[in-house]
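Trainee: I have a structure here, written as structure tokens, and I will follow up with some questions on it.
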Amino acid sequence: MSSSPLYMHQVKQSMRAAWMAGDFSKIAKNTAAEAETFVIRLNIAPGTEVLDVACGTGNTAIPLARRGARVTGVDIAPNLLEQARARATAEGLEIAFHEGDAEQLPYPDASFDAVVTMFGAMFAPRHEMVAAELARVLKPGGLLAMANWTPGGFAGQMFHVTARHAGAPMGLAPPVHWGHAMIVRGRLAAGFENVELENIAIEFDIPASPAGAVAFFRTFFGPTQAAFDSLDEHGQAELAADLEALWADANRAADPASRTLIENEYLQVVARRKS
């Protein structure tokens with residue numbers, strides 16, 4: 001059942017609806033500064049043709065374009081693309097944004113000098129297909145750069161708690177497997193070489209208590225909102241309690257009643273398309 005076309009269509013439709021729910025721009029602001037740092041580390045030259053896969057509201061595409069790259073962004077959620085276009089227009093940046101699927105990218109073979117994805121392509125359900133598509137659209141020797149939440153980091157723990165209550169698609173690997181070094185090396189082995197991996201620390205700093213932080217994600221982060229909506233009143237209360245406990249345990253803020261400061265972690269993946 002998990003591999004049937006109908007089942008996968010249903011999974012894709014559910015994921016698309018989840019990412020369109022809430023207001024992801026509010027969530028994206030928490031990682032915008034790290035996206036700029038990620039782009040600076042990559043040191044992509046002006047004029048480079050770059051594809052940002054699962055670009056969201058443009059956190060990575062915009063700083064790339066500011067540095068002179070010729071950027072294309074693709075995402076499954078049209079409302080996120082609208083916000084990305086508005087941000088680019090406000091800065092006078094020319095970025096092409098398209099609706100599309102990381103498992104079936106709407107571009108010819110060897111179209112790009114570089115492909116980047118930050119907290120994006122990892123959420124597409126069929127990871128081996130994603131790896132193949134990332135390789136297909138890259139020119140030989142082209143750069144792949146990913147930023148993926150790790151299983152043991154805070155985001156990975158949050159996804160685990162949510163899945164324990166609300167479930168996850170059957171027969172599909174969790175998104176955070178893209179943050180597991182050994183798994184990533186295996187997935188990229190066919191199409192890539194010179195794979196470099198590094199765990200990078202990142203902070204979530206939310207001006208609210210842990211309960212307020214959970215409410216913030218429940219309101220604005222579509223996948224969390226969708227998880228709560230899938231549960232009855234009792235289930236929602238249990239999920240909220242477990243998430244609040246997770247946030248409270250990880251909170252390093254001096255005033256936990258009004259601020260939540262969390263140390264999170266992602267795996268930076270840099271590789272080259274095999275010639």
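Scheme for the structure tokens: letters A, B, ... for chains in order shown; per-chain residue numbers from 1; ligand numbers from 1 in order shown.
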Based on the backbone DSSP call, show me all residues of region 71-222 of chain A assigned strand (DSSP E or B), as a PyMOL selection string.
Mentor: chain A and resi 71-75+96-99+101+104+112-118+138-149+192-206+221
Trainee: Using only C-alpha atoms, determine which residues lie at most 7 Å from region 36-45 of chain A, disregarding the query and same-chain residues fewer than 2 positions distant; provide the list as a list in words.
Mentor: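 Skipping anything fewer than 2 positions along the chain leaves Ala32, Ala33, Glu34, Gly47, Thr48, Thr60, Pro63, Leu64 and Ala69 of chain A.
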Trainee: If you count only C-alpha atoms, which residues fall within 9 Å of region 83-91 of chain A, apart from same-chain ones fewer than 5 positions away, as a ChimeraX atom specification?
Mentor: /A:25,55-59,61-62,65-66,73,78,96-97
Trainee: Deliver the residues from the most recent selection as a file, using C-alpha atoms, as a short mmCIF file (atom, residue, chain, number, x, y, z; two decimals), in the first residue's frame.
Mentor:
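Result file follows (selection_13.cif):
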```cif
data_model
loop_
_atom_site.label_atom_id
_atom_site.label_comp_id
_atom_site.auth_asym_id
_atom_site.auth_seq_id
_atom_site.Cartn_x
_atom_site.Cartn_y
_atom_site.Cartn_z
CA SER A 25 6.86 33.28 7.26
CA CYS A 55 12.68 27.23 -1.09
CA GLY A 56 9.80 28.20 1.19
CA THR A 57 9.53 31.96 1.71
CA GLY A 58 12.99 32.62 0.26
CA ASN A 59 15.31 32.48 3.27
CA ALA A 61 17.23 32.20 -2.28
CA ILE A 62 17.27 35.87 -1.31
CA ALA A 65 20.61 36.55 -5.13
CA ARG A 66 22.00 39.44 -3.08
CA GLY A 73 13.42 28.63 -6.32
CA PRO A 78 2.07 28.27 -3.75
CA ALA A 96 12.41 32.87 -10.69
CA PHE A 97 10.04 31.04 -8.35
#
```
Trainee: Please report as a tab-separated table every residue of region 6-39 of chain A lying within 9 Å of region 112-132 of chain A, along with the nearest atom pair and their distance in Å (one decimal), using only C-alpha atoms.
Mentor:
```
residue	atom	partner	partner_atom	distance
A:Met8	CA	A:Pro125	CA	8.6
A:Val11	CA	A:Pro125	CA	8.0
A:Lys12	CA	A:Pro125	CA	7.9
A:Met15	CA	A:Ala124	CA	8.5
A:Ala35	CA	A:Met118	CA	7.6
A:Phe38	CA	A:Met118	CA	8.7
```
Trainee: Determine, for each residue of region 155-184 of chain A having at least one atom at most 8 Å from an atom of region 266-272 of chain A, the closest pair of atoms and their separation in Å to one decimal, counting only C-alpha atoms; order by chain and ascending number, as a tab-separated table.
Mentor:
```
residue	atom	partner	partner_atom	distance
A:Gly179	CA	A:Leu267	CA	5.3
A:His180	CA	A:Leu267	CA	7.6
A:Ala181	CA	A:Leu267	CA	7.7
```
Trainee: Save the residues we just selected, C-alpha atoms, as an mmCIF file, in the first residue's frame?
Mentor:
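result36.cif, written as the output of this step:
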```
data_model
loop_
_atom_site.group_PDB
_atom_site.id
_atom_site.type_symbol
_atom_site.label_atom_id
_atom_site.label_comp_id
_atom_site.auth_asym_id
_atom_site.auth_seq_id
_atom_site.Cartn_x
_atom_site.Cartn_y
_atom_site.Cartn_z
ATOM 1 C CA GLY A 179 20.398 14.547 9.165
ATOM 2 C CA HIS A 180 22.052 11.166 9.836
ATOM 3 C CA ALA A 181 25.602 11.166 8.441
#
```
Trainee: Near region 216-219 of chain A, counting only C-alpha atoms, which residues have an atom at most 10 Å away, once you skip same-chain residues fewer than 3 positions from it, shown as a list in words?
Mentor: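 What passes the distance filter is Ala21, Gly22, Asp23, Phe24, Lys26, Ile27, Ile206, Ala208, Pro210, Ala211, Gly212, Ala213, Gly222, Pro223, Thr224, Gln225, Ala226, Ala227, Phe228, Asp229 and Ala240 of chain A.
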Trainee: Taking only C-alpha atoms into account, which of A:Gly167, A:Leu197, A:Ala54, A:Glu49 comes nearest Val71 (chain A)?
Mentor: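 Among the listed residues, the smallest separation from Val71 (chain A) belongs to A:Glu49.
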Trainee: Could you pull out all residues of region 91-200 of chain A with a DSSP call of helix (DSSP H, G or I) and give them as a PyMOL selection string?
Mentor: chain A and resi 121-123+127-136+154-166+175-179+181-188
Trainee: Out of A:Asp109, A:Glu196, A:Glu133, A:Glu244, which residue has the shortest atom-to-atom distance to Ala147 (chain A) when counting only C-alpha atoms?
Mentor: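 Under the stated criterion, the closest residue is A:Glu196.
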Trainee: Which residues are near Gly141 (chain A)? Cut-off 6 Å, only C-alpha atoms, ignore same chain within fewer than 4 positions. Put them as a PyMOL selection string.
Mentor: chain A and resi 272-275
Trainee: Can you measure CA of Tyr107 (chain A) to CA of Pro169 (chain A) for me? One decimal in Å is fine.
Mentor: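 Answer for the CA of Tyr107 (chain A) to CA of Pro169 (chain A) separation: 27.6 Å.
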Trainee: Pick out the residues sitting within 12 Å of Tyr7 (chain A), and hand them over as a VMD selection string; count only C-alpha atoms, and ignore anything fewer than 5 positions along from it in its own chain.
Mentor: chain A and resid 1 to 2 12 to 14 125 169 to 172
